[in-house]
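Following: one structure in structure tokens, then a few remarks.
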Amino acid sequence: MLRLDKLTKSFGGLTAINDVSITFQPGEIVGLIGPNGAGKTTLFNLITGVLPPTQGRVFFGERDITGLRPHRVARLGIGRTFQQTRIFHDLKVVDNVVLARPEVNGGLARALCTLPSVKRAWAQEAIAHLEFLGLADRAQEYGGDLSYAEQKLVMFACLMASGATTLLLDEPTAGLDPTSHLGMIATVTRLRRPGTTIVLIEHNLDIVRGCCDRVVFLAEGAVKAVGSTDEVERSPELRDLYFGTGSTK
Ligand SMILES: Nc1ncnc2c1ncn2[C@@H]1O[C@H](COP(=O)(O)OP(=O)(O)O)[C@@H](O)[C@H]1O
Ligand SMILES: [Mg+2]
């Protein structure tokens with residue numbers, strides 16, 4: 001369980017996150033929606049330790065993880081993908097995925113890496129993740145040779161290899177053409193596990209409806225509505241922002 005308790009983040013005079021309390025349960029897929037600048041990515045940065053909150057706490061299970069460094073947060077099992085793809089273009093796809101393993105961040109990794117049997121086992125696991133995502137045939141290609149959509153899937157494979165049980169996905173459909181959207185719904189749905197929490201930042205309400213159990217609507221740094229996609233879609237705040245005159249979208 002991931003619990004945000006009265007989180008606030010200010011950048012100088014700008015309050016990007018304003019007194020946000022949300023609990024994410026194991027097993028659920030939650031959509032985090034809201035206009036550009038609502039504070040969605042900032043919320044992920046506060047959870048993952050990239051930014052310290054100005055006020056409030058982040059709890060993971062019983063543990064207060066507020067202010068932990070990003071690598072410590074990652075080791076606890078909180079993983080994320082980024083709006084832009086972040087994979088190594090000059091490395092093979094399979095090696096990109098191997099590098100995401102938690103062991104590889106520790107000093108032990110380099111030593112272990114030299115053992116061919118260990119390397120083989122890691123590569124096999126990486127290929128299994130790629131296979132799960134329909135990318136096994138690209139495993140031996142260089143990251144930079146893959147399409148943008150494929151690179152996004154490599155980020156998902158990296159997340160699987162990291163062993164994360166809380167997956168924070170920052171606009172995985174950003175930059176993809178609409179024909180890939182159904183595939184993204186399927187991919188996110190397939191990442192669901194009994195103990196795994198998925199938080200999906202997504203603008204497109206059809207995608208949110210396609211894979212999320214629950215939706216949190218964030219605007220101007222504050223939670224404006226929580227509920228099913230239909231409930232949130234009916235909220236006046238959202239209707240105004242998404243469909244109203246003077247819409248920010
Ligand atoms: N590191 C930062 N320094 C200053 N301002 C920031 C920083 N990160 C985000 N912001 C500001 O906080 C607000 C929320 O940004 P962001 O979380 O990226 O929104 P979203 O992901 O919902 O589009 C924006 O006004 C943005 O300019
Ligand atoms: Mg963002």
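Residues in the structure tokens are numbered from 1 in each chain, the chains being A, B, ... in the order shown, and ligands are numbered from 1 in the order shown.
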
Discussion item. Report as a PyMOL selection string all protein, DNA and RNA residues lying within 8 Å of segment 156-169 of chain A, evaluated on only C-alpha atoms, omitting residues in the same chain fewer than 5 positions from it.
Written reply: chain A and resi 44+74-82+96-102+125-126+129-130+133+195-201

Restricting it to N, CA and C atoms, dump the selection as a PDB file, in the first residue's frame.
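The resulting file, part25.pdb, is shown below:
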ATOM      1  N   PHE A  44       4.684  12.012  -8.871  1.00  0.00           N
ATOM      2  CA  PHE A  44       5.582  10.858  -9.031  1.00  0.00           C
ATOM      3  C   PHE A  44       6.977  11.202  -8.497  1.00  0.00           C
ATOM      4  N   ALA A  74      13.577   3.011  -5.022  1.00  0.00           N
ATOM      5  CA  ALA A  74      13.490   1.991  -6.077  1.00  0.00           C
ATOM      6  C   ALA A  74      13.704   0.602  -5.486  1.00  0.00           C
ATOM      7  N   ARG A  75      14.656   0.494  -4.569  1.00  0.00           N
ATOM      8  CA  ARG A  75      14.943  -0.814  -3.975  1.00  0.00           C
ATOM      9  C   ARG A  75      13.793  -1.364  -3.153  1.00  0.00           C
ATOM     10  N   LEU A  76      12.954  -0.447  -2.656  1.00  0.00           N
ATOM     11  CA  LEU A  76      11.785  -0.908  -1.900  1.00  0.00           C
ATOM     12  C   LEU A  76      10.713  -1.482  -2.825  1.00  0.00           C
ATOM     13  N   GLY A  77      10.882  -1.255  -4.134  1.00  0.00           N
ATOM     14  CA  GLY A  77       9.910  -1.833  -5.068  1.00  0.00           C
ATOM     15  C   GLY A  77       8.990  -0.826  -5.722  1.00  0.00           C
ATOM     16  N   ILE A  78       9.392   0.449  -5.690  1.00  0.00           N
ATOM     17  CA  ILE A  78       8.606   1.472  -6.384  1.00  0.00           C
ATOM     18  C   ILE A  78       9.361   1.851  -7.655  1.00  0.00           C
ATOM     19  N   GLY A  79       8.776   1.515  -8.805  1.00  0.00           N
ATOM     20  CA  GLY A  79       9.441   1.790 -10.084  1.00  0.00           C
ATOM     21  C   GLY A  79       8.610   2.735 -10.920  1.00  0.00           C
ATOM     22  N   ARG A  80       9.254   3.375 -11.877  1.00  0.00           N
ATOM     23  CA  ARG A  80       8.507   4.335 -12.704  1.00  0.00           C
ATOM     24  C   ARG A  80       8.994   4.288 -14.139  1.00  0.00           C
ATOM     25  N   THR A  81       8.129   4.751 -15.025  1.00  0.00           N
ATOM     26  CA  THR A  81       8.567   5.064 -16.379  1.00  0.00           C
ATOM     27  C   THR A  81       8.396   6.567 -16.559  1.00  0.00           C
ATOM     28  N   PHE A  82       9.077   7.093 -17.569  1.00  0.00           N
ATOM     29  CA  PHE A  82       9.085   8.539 -17.791  1.00  0.00           C
ATOM     30  C   PHE A  82       8.284   8.902 -19.026  1.00  0.00           C
ATOM     31  N   ASN A  96      19.821  -3.532 -21.990  1.00  0.00           N
ATOM     32  CA  ASN A  96      19.049  -2.487 -21.323  1.00  0.00           C
ATOM     33  C   ASN A  96      18.205  -3.085 -20.210  1.00  0.00           C
ATOM     34  N   VAL A  97      17.573  -4.210 -20.503  1.00  0.00           N
ATOM     35  CA  VAL A  97      16.665  -4.817 -19.532  1.00  0.00           C
ATOM     36  C   VAL A  97      17.462  -5.434 -18.377  1.00  0.00           C
ATOM     37  N   VAL A  98      18.586  -6.078 -18.700  1.00  0.00           N
ATOM     38  CA  VAL A  98      19.425  -6.661 -17.638  1.00  0.00           C
ATOM     39  C   VAL A  98      19.887  -5.569 -16.669  1.00  0.00           C
ATOM     40  N   LEU A  99      20.234  -4.409 -17.222  1.00  0.00           N
ATOM     41  CA  LEU A  99      20.744  -3.313 -16.381  1.00  0.00           C
ATOM     42  C   LEU A  99      19.711  -2.801 -15.379  1.00  0.00           C
ATOM     43  N   ALA A 100      18.448  -3.106 -15.629  1.00  0.00           N
ATOM     44  CA  ALA A 100      17.396  -2.621 -14.724  1.00  0.00           C
ATOM     45  C   ALA A 100      17.247  -3.513 -13.497  1.00  0.00           C
ATOM     46  N   ARG A 101      17.938  -4.648 -13.482  1.00  0.00           N
ATOM     47  CA  ARG A 101      17.833  -5.548 -12.326  1.00  0.00           C
ATOM     48  C   ARG A 101      18.329  -4.844 -11.064  1.00  0.00           C
ATOM     49  N   PRO A 102      17.691  -5.105  -9.931  1.00  0.00           N
ATOM     50  CA  PRO A 102      18.124  -4.417  -8.710  1.00  0.00           C
ATOM     51  C   PRO A 102      19.587  -4.709  -8.353  1.00  0.00           C
ATOM     52  N   GLU A 125      16.123 -14.178 -18.437  1.00  0.00           N
ATOM     53  CA  GLU A 125      14.988 -13.527 -17.767  1.00  0.00           C
ATOM     54  C   GLU A 125      14.577 -12.259 -18.505  1.00  0.00           C
ATOM     55  N   ALA A 126      15.576 -11.515 -18.950  1.00  0.00           N
ATOM     56  CA  ALA A 126      15.278 -10.275 -19.690  1.00  0.00           C
ATOM     57  C   ALA A 126      14.494 -10.605 -20.955  1.00  0.00           C
ATOM     58  N   HIS A 129      10.899 -11.275 -20.224  1.00  0.00           N
ATOM     59  CA  HIS A 129      10.113 -10.044 -20.060  1.00  0.00           C
ATOM     60  C   HIS A 129       9.776  -9.440 -21.426  1.00  0.00           C
ATOM     61  N   LEU A 130      10.790  -9.442 -22.306  1.00  0.00           N
ATOM     62  CA  LEU A 130      10.567  -8.874 -23.640  1.00  0.00           C
ATOM     63  C   LEU A 130       9.525  -9.691 -24.401  1.00  0.00           C
ATOM     64  N   LEU A 133       6.080  -8.874 -23.500  1.00  0.00           N
ATOM     65  CA  LEU A 133       5.627  -7.606 -24.079  1.00  0.00           C
ATOM     66  C   LEU A 133       5.626  -7.636 -25.608  1.00  0.00           C
ATOM     67  N   GLY A 195      -0.467  -8.486  -6.042  1.00  0.00           N
ATOM     68  CA  GLY A 195       0.106  -7.575  -5.051  1.00  0.00           C
ATOM     69  C   GLY A 195       0.630  -6.283  -5.634  1.00  0.00           C
ATOM     70  N   THR A 196       0.409  -6.083  -6.908  1.00  0.00           N
ATOM     71  CA  THR A 196       1.034  -4.948  -7.585  1.00  0.00           C
ATOM     72  C   THR A 196       0.066  -3.765  -7.706  1.00  0.00           C
ATOM     73  N   THR A 197       0.589  -2.581  -7.433  1.00  0.00           N
ATOM     74  CA  THR A 197      -0.188  -1.353  -7.605  1.00  0.00           C
ATOM     75  C   THR A 197       0.310  -0.663  -8.867  1.00  0.00           C
ATOM     76  N   ILE A 198      -0.607  -0.235  -9.713  1.00  0.00           N
ATOM     77  CA  ILE A 198      -0.208   0.514 -10.902  1.00  0.00           C
ATOM     78  C   ILE A 198      -0.897   1.875 -10.879  1.00  0.00           C
ATOM     79  N   VAL A 199      -0.100   2.923 -11.035  1.00  0.00           N
ATOM     80  CA  VAL A 199      -0.673   4.267 -11.172  1.00  0.00           C
ATOM     81  C   VAL A 199      -0.317   4.752 -12.572  1.00  0.00           C
ATOM     82  N   LEU A 200      -1.335   5.085 -13.331  1.00  0.00           N
ATOM     83  CA  LEU A 200      -1.163   5.440 -14.734  1.00  0.00           C
ATOM     84  C   LEU A 200      -1.552   6.899 -14.962  1.00  0.00           C
ATOM     85  N   ILE A 201      -0.569   7.717 -15.319  1.00  0.00           N
ATOM     86  CA  ILE A 201      -0.888   9.089 -15.734  1.00  0.00           C
ATOM     87  C   ILE A 201      -1.289   9.043 -17.198  1.00  0.00           C
TER      88      ILE A 201
END

Item to complete: Could you please extract the residues within 10 Å of ligand 1, counting only C-alpha atoms and all ligand atoms, and hand them back as a PyMOL selection string?
Response: chain A and resi 9-17+32-46+50-51+83+170-171+201-203+218-221

Go ahead and save the picked residues with N, CA and C atoms, as a compact mmCIF listing (two decimals), in the first residue's frame.
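To be explicit, this is the file written out as result23.txt:
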# COMPACT_ATOMS: atom_id res chain seq x y z
N LYS A 9 3.91 20.48 -2.39
CA LYS A 9 5.20 20.82 -2.97
C LYS A 9 5.13 22.20 -3.60
N SER A 10 5.98 23.08 -3.12
CA SER A 10 6.03 24.43 -3.69
C SER A 10 7.36 24.62 -4.41
N PHE A 11 7.29 25.28 -5.55
CA PHE A 11 8.50 25.73 -6.25
C PHE A 11 8.47 27.24 -6.16
N GLY A 12 9.19 27.81 -5.24
CA GLY A 12 9.11 29.26 -5.05
C GLY A 12 7.67 29.64 -4.73
N GLY A 13 7.10 30.52 -5.52
CA GLY A 13 5.72 30.96 -5.28
C GLY A 13 4.67 30.01 -5.83
N LEU A 14 5.08 29.01 -6.59
CA LEU A 14 4.11 28.11 -7.24
C LEU A 14 3.88 26.87 -6.39
N THR A 15 2.61 26.64 -6.04
CA THR A 15 2.29 25.41 -5.31
C THR A 15 1.87 24.36 -6.33
N ALA A 16 2.79 23.45 -6.65
CA ALA A 16 2.53 22.45 -7.71
C ALA A 16 1.67 21.32 -7.18
N ILE A 17 1.83 20.98 -5.88
CA ILE A 17 1.01 19.96 -5.22
C ILE A 17 0.52 20.57 -3.92
N LEU A 32 -4.39 8.50 -13.11
CA LEU A 32 -4.17 9.84 -12.57
C LEU A 32 -4.30 10.79 -13.74
N ILE A 33 -5.38 11.56 -13.73
CA ILE A 33 -5.65 12.41 -14.88
C ILE A 33 -5.65 13.88 -14.44
N GLY A 34 -5.58 14.75 -15.43
CA GLY A 34 -5.58 16.17 -15.13
C GLY A 34 -4.86 16.91 -16.24
N PRO A 35 -5.15 18.21 -16.38
CA PRO A 35 -4.56 18.97 -17.48
C PRO A 35 -3.05 19.12 -17.32
N ASN A 36 -2.40 19.58 -18.37
CA ASN A 36 -0.96 19.86 -18.29
C ASN A 36 -0.69 20.83 -17.17
N GLY A 37 0.35 20.55 -16.40
CA GLY A 37 0.71 21.44 -15.31
C GLY A 37 -0.06 21.18 -14.03
N ALA A 38 -0.90 20.14 -14.02
CA ALA A 38 -1.73 19.84 -12.84
C ALA A 38 -0.89 19.38 -11.66
N GLY A 39 0.31 18.85 -11.95
CA GLY A 39 1.16 18.36 -10.86
C GLY A 39 1.33 16.84 -10.85
N LYS A 40 0.91 16.18 -11.92
CA LYS A 40 0.94 14.72 -11.96
C LYS A 40 2.38 14.17 -11.89
N THR A 41 3.24 14.70 -12.75
CA THR A 41 4.63 14.22 -12.74
C THR A 41 5.31 14.60 -11.42
N THR A 42 4.99 15.77 -10.92
CA THR A 42 5.56 16.20 -9.63
C THR A 42 5.18 15.21 -8.54
N LEU A 43 3.94 14.71 -8.58
CA LEU A 43 3.51 13.73 -7.58
C LEU A 43 4.39 12.48 -7.67
N PHE A 44 4.68 12.01 -8.87
CA PHE A 44 5.58 10.86 -9.03
C PHE A 44 6.98 11.20 -8.50
N ASN A 45 7.43 12.44 -8.75
CA ASN A 45 8.76 12.83 -8.27
C ASN A 45 8.81 12.86 -6.73
N LEU A 46 7.70 13.21 -6.11
CA LEU A 46 7.66 13.21 -4.64
C LEU A 46 7.65 11.79 -4.10
N VAL A 50 12.69 11.87 -5.94
CA VAL A 50 13.41 12.80 -6.83
C VAL A 50 13.33 14.22 -6.26
N LEU A 51 12.17 14.53 -5.68
CA LEU A 51 11.98 15.84 -5.03
C LEU A 51 11.49 15.61 -3.60
N GLN A 83 7.87 10.16 -19.08
CA GLN A 83 7.10 10.65 -20.22
C GLN A 83 7.90 10.46 -21.52
N ASP A 170 4.23 7.19 -16.30
CA ASP A 170 3.99 8.60 -16.64
C ASP A 170 3.69 8.74 -18.13
N GLU A 171 2.43 8.85 -18.45
CA GLU A 171 1.96 9.05 -19.83
C GLU A 171 2.62 8.12 -20.83
N ILE A 201 -0.57 7.72 -15.32
CA ILE A 201 -0.89 9.09 -15.73
C ILE A 201 -1.29 9.04 -17.20
N GLU A 202 -2.45 9.57 -17.49
CA GLU A 202 -2.96 9.44 -18.86
C GLU A 202 -3.98 10.54 -19.13
N HIS A 203 -3.86 11.16 -20.30
CA HIS A 203 -4.81 12.21 -20.66
C HIS A 203 -6.09 11.64 -21.24
N LEU A 218 -6.68 15.29 -10.85
CA LEU A 218 -5.86 16.31 -10.22
C LEU A 218 -5.91 17.58 -11.07
N ALA A 219 -6.10 18.72 -10.45
CA ALA A 219 -6.00 19.99 -11.18
C ALA A 219 -5.44 21.03 -10.22
N GLU A 220 -4.56 21.86 -10.75
CA GLU A 220 -3.90 22.90 -9.93
C GLU A 220 -3.33 22.32 -8.65
N GLY A 221 -2.79 21.12 -8.76
CA GLY A 221 -2.10 20.51 -7.62
C GLY A 221 -2.98 19.87 -6.58

Item to complete: With a distance cut-off of 12 Å and only C-alpha atoms, select the neighbouring residues of Glu233 of chain A, excluding the residue or stretch itself and same-chain residues fewer than 2 positions from it, and output the selection as a ChimeraX atom specification.
Response: /A:33-34,204-206,208-209,214-217,224-231,235-243

Print the selection's residues with N, CA and C atoms to a file, as a short mmCIF file (atom, residue, chain, number, x, y, z; two decimals), in the first residue's frame.
data_model
loop_
_atom_site.label_atom_id
_atom_site.label_comp_id
_atom_site.auth_asym_id
_atom_site.auth_seq_id
_atom_site.Cartn_x
_atom_site.Cartn_y
_atom_site.Cartn_z
N ILE A 33 -5.38 11.56 -13.73
CA ILE A 33 -5.65 12.41 -14.88
C ILE A 33 -5.65 13.88 -14.44
N GLY A 34 -5.58 14.75 -15.43
CA GLY A 34 -5.58 16.17 -15.13
C GLY A 34 -4.86 16.91 -16.24
N ASN A 204 -5.92 10.54 -21.97
CA ASN A 204 -7.03 10.01 -22.76
C ASN A 204 -7.98 9.19 -21.88
N LEU A 205 -9.19 9.68 -21.73
CA LEU A 205 -10.14 9.03 -20.83
C LEU A 205 -10.56 7.65 -21.33
N ASP A 206 -10.51 7.43 -22.64
CA ASP A 206 -10.85 6.10 -23.16
C ASP A 206 -9.83 5.07 -22.71
N VAL A 208 -7.99 5.35 -19.98
CA VAL A 208 -8.20 5.20 -18.54
C VAL A 208 -9.38 4.25 -18.29
N ARG A 209 -10.45 4.45 -19.05
CA ARG A 209 -11.62 3.59 -18.89
C ARG A 209 -11.26 2.15 -19.24
N ARG A 214 -10.05 2.77 -10.98
CA ARG A 214 -10.40 3.97 -10.23
C ARG A 214 -9.62 5.13 -10.83
N VAL A 215 -10.15 6.32 -10.68
CA VAL A 215 -9.50 7.48 -11.27
C VAL A 215 -9.36 8.59 -10.23
N VAL A 216 -8.21 9.23 -10.23
CA VAL A 216 -7.99 10.42 -9.41
C VAL A 216 -7.82 11.59 -10.37
N PHE A 217 -8.62 12.60 -10.19
CA PHE A 217 -8.53 13.78 -11.06
C PHE A 217 -7.83 14.90 -10.29
N LYS A 224 -9.38 16.85 -7.22
CA LYS A 224 -10.71 17.44 -7.45
C LYS A 224 -11.80 16.39 -7.44
N ALA A 225 -11.46 15.15 -7.80
CA ALA A 225 -12.48 14.09 -7.81
C ALA A 225 -11.79 12.74 -7.79
N VAL A 226 -12.44 11.77 -7.14
CA VAL A 226 -11.94 10.39 -7.11
C VAL A 226 -13.14 9.48 -7.33
N GLY A 227 -12.98 8.44 -8.14
CA GLY A 227 -14.08 7.51 -8.34
C GLY A 227 -13.88 6.69 -9.59
N SER A 228 -14.96 6.10 -10.08
CA SER A 228 -14.88 5.37 -11.34
C SER A 228 -14.67 6.40 -12.46
N THR A 229 -14.26 5.91 -13.62
CA THR A 229 -14.04 6.84 -14.74
C THR A 229 -15.32 7.63 -15.01
N ASP A 230 -16.46 6.94 -15.00
CA ASP A 230 -17.72 7.62 -15.30
C ASP A 230 -18.04 8.68 -14.26
N GLU A 231 -17.83 8.32 -12.99
CA GLU A 231 -18.12 9.29 -11.92
C GLU A 231 -17.25 10.53 -12.07
N SER A 235 -17.89 14.82 -13.06
CA SER A 235 -17.66 15.90 -12.09
C SER A 235 -17.57 17.24 -12.82
N PRO A 236 -18.20 18.26 -12.25
CA PRO A 236 -18.25 19.57 -12.93
C PRO A 236 -16.86 20.13 -13.21
N GLU A 237 -15.93 19.93 -12.27
CA GLU A 237 -14.56 20.46 -12.45
C GLU A 237 -13.94 19.88 -13.72
N LEU A 238 -14.11 18.56 -13.89
CA LEU A 238 -13.49 17.93 -15.04
C LEU A 238 -14.19 18.35 -16.32
N ARG A 239 -15.51 18.42 -16.28
CA ARG A 239 -16.25 18.79 -17.49
C ARG A 239 -15.82 20.18 -17.94
N ASP A 240 -15.64 21.04 -16.97
CA ASP A 240 -15.23 22.40 -17.30
C ASP A 240 -13.85 22.40 -17.95
N LEU A 241 -12.93 21.66 -17.34
CA LEU A 241 -11.55 21.66 -17.84
C LEU A 241 -11.41 20.95 -19.18
N TYR A 242 -12.10 19.81 -19.31
CA TYR A 242 -11.91 19.03 -20.52
C TYR A 242 -12.82 19.47 -21.66
N PHE A 243 -14.03 19.88 -21.30
CA PHE A 243 -15.00 20.14 -22.37
C PHE A 243 -15.53 21.57 -22.38
#

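Counting only C-alpha atoms and comparing A:Val94, A:Gly175, A:Cys212, A:Lys152, the residue that lies closest to Gln140 of chain A is A:Val94.
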
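With only C-alpha atoms and all ligand atoms as the atoms that count, the minimum distance from ligand 2 to the choices A:Thr54, A:Thr173, A:Gln25, A:Thr189 is reached by A:Thr173.
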
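Considering the residues A:Val118, A:Leu2, A:Met155, A:Ala149 and counting only C-alpha atoms, Thr179 of chain A has its shortest atom-to-atom contact with A:Ala149.
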
Discussion item. For the structure I just gave you, how does DSSP split segment 64-119 of chain A - specifically, which residues are strand (DSSP E)? Reply as a list in words.
Written reply: Asp64, Ile78, Gly79, Arg80 and Thr81 of chain A

Discussion item. DSSP on the backbone: which residues in segment 104-233 of chain A end up as helix (DSSP H, G or I)? Give the answer as JSON, numbers by chain.
Written reply: {"A": [104, 105, 108, 109, 110, 111, 112, 113, 116, 117, 118, 119, 120, 121, 122, 123, 124, 125, 126, 127, 128, 129, 130, 131, 132, 136, 137, 138, 143, 144, 145, 148, 149, 150, 151, 152, 153, 154, 155, 156, 157, 158, 159, 160, 161, 162, 178, 179, 180, 181, 182, 183, 184, 185, 186, 187, 188, 189, 190, 205, 206, 207, 208, 209, 210, 211, 229, 230, 231, 232, 233]}

Response to the item:
Nearest to ligand 2, restricted to only C-alpha atoms and all ligand atoms and choosing among A:Thr66, A:Thr8, A:Gln84, A:Gln124, comes out as A:Gln84

Item to complete: Could you check which of A:Ile29, A:Thr187, A:Pro172, A:His181 is closest to ligand 2, using only C-alpha atoms and all ligand atoms?
Response: A:Pro172

Practice prompt. Go through A:Ile207, A:Ile127, A:Val58, A:Ala174 and flag the residue nearest ligand 2, using only C-alpha atoms and all ligand atoms for the distances.
Written response: A:Ala174

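From atom CA of Ile87 of chain A back to atom CA of Gln151 of chain A, the distance works out to 7.1 Å.
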
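Atom to atom, atom CA of Asp95 of chain A and atom CA of Ala123 of chain A stand 7.3 Å apart.
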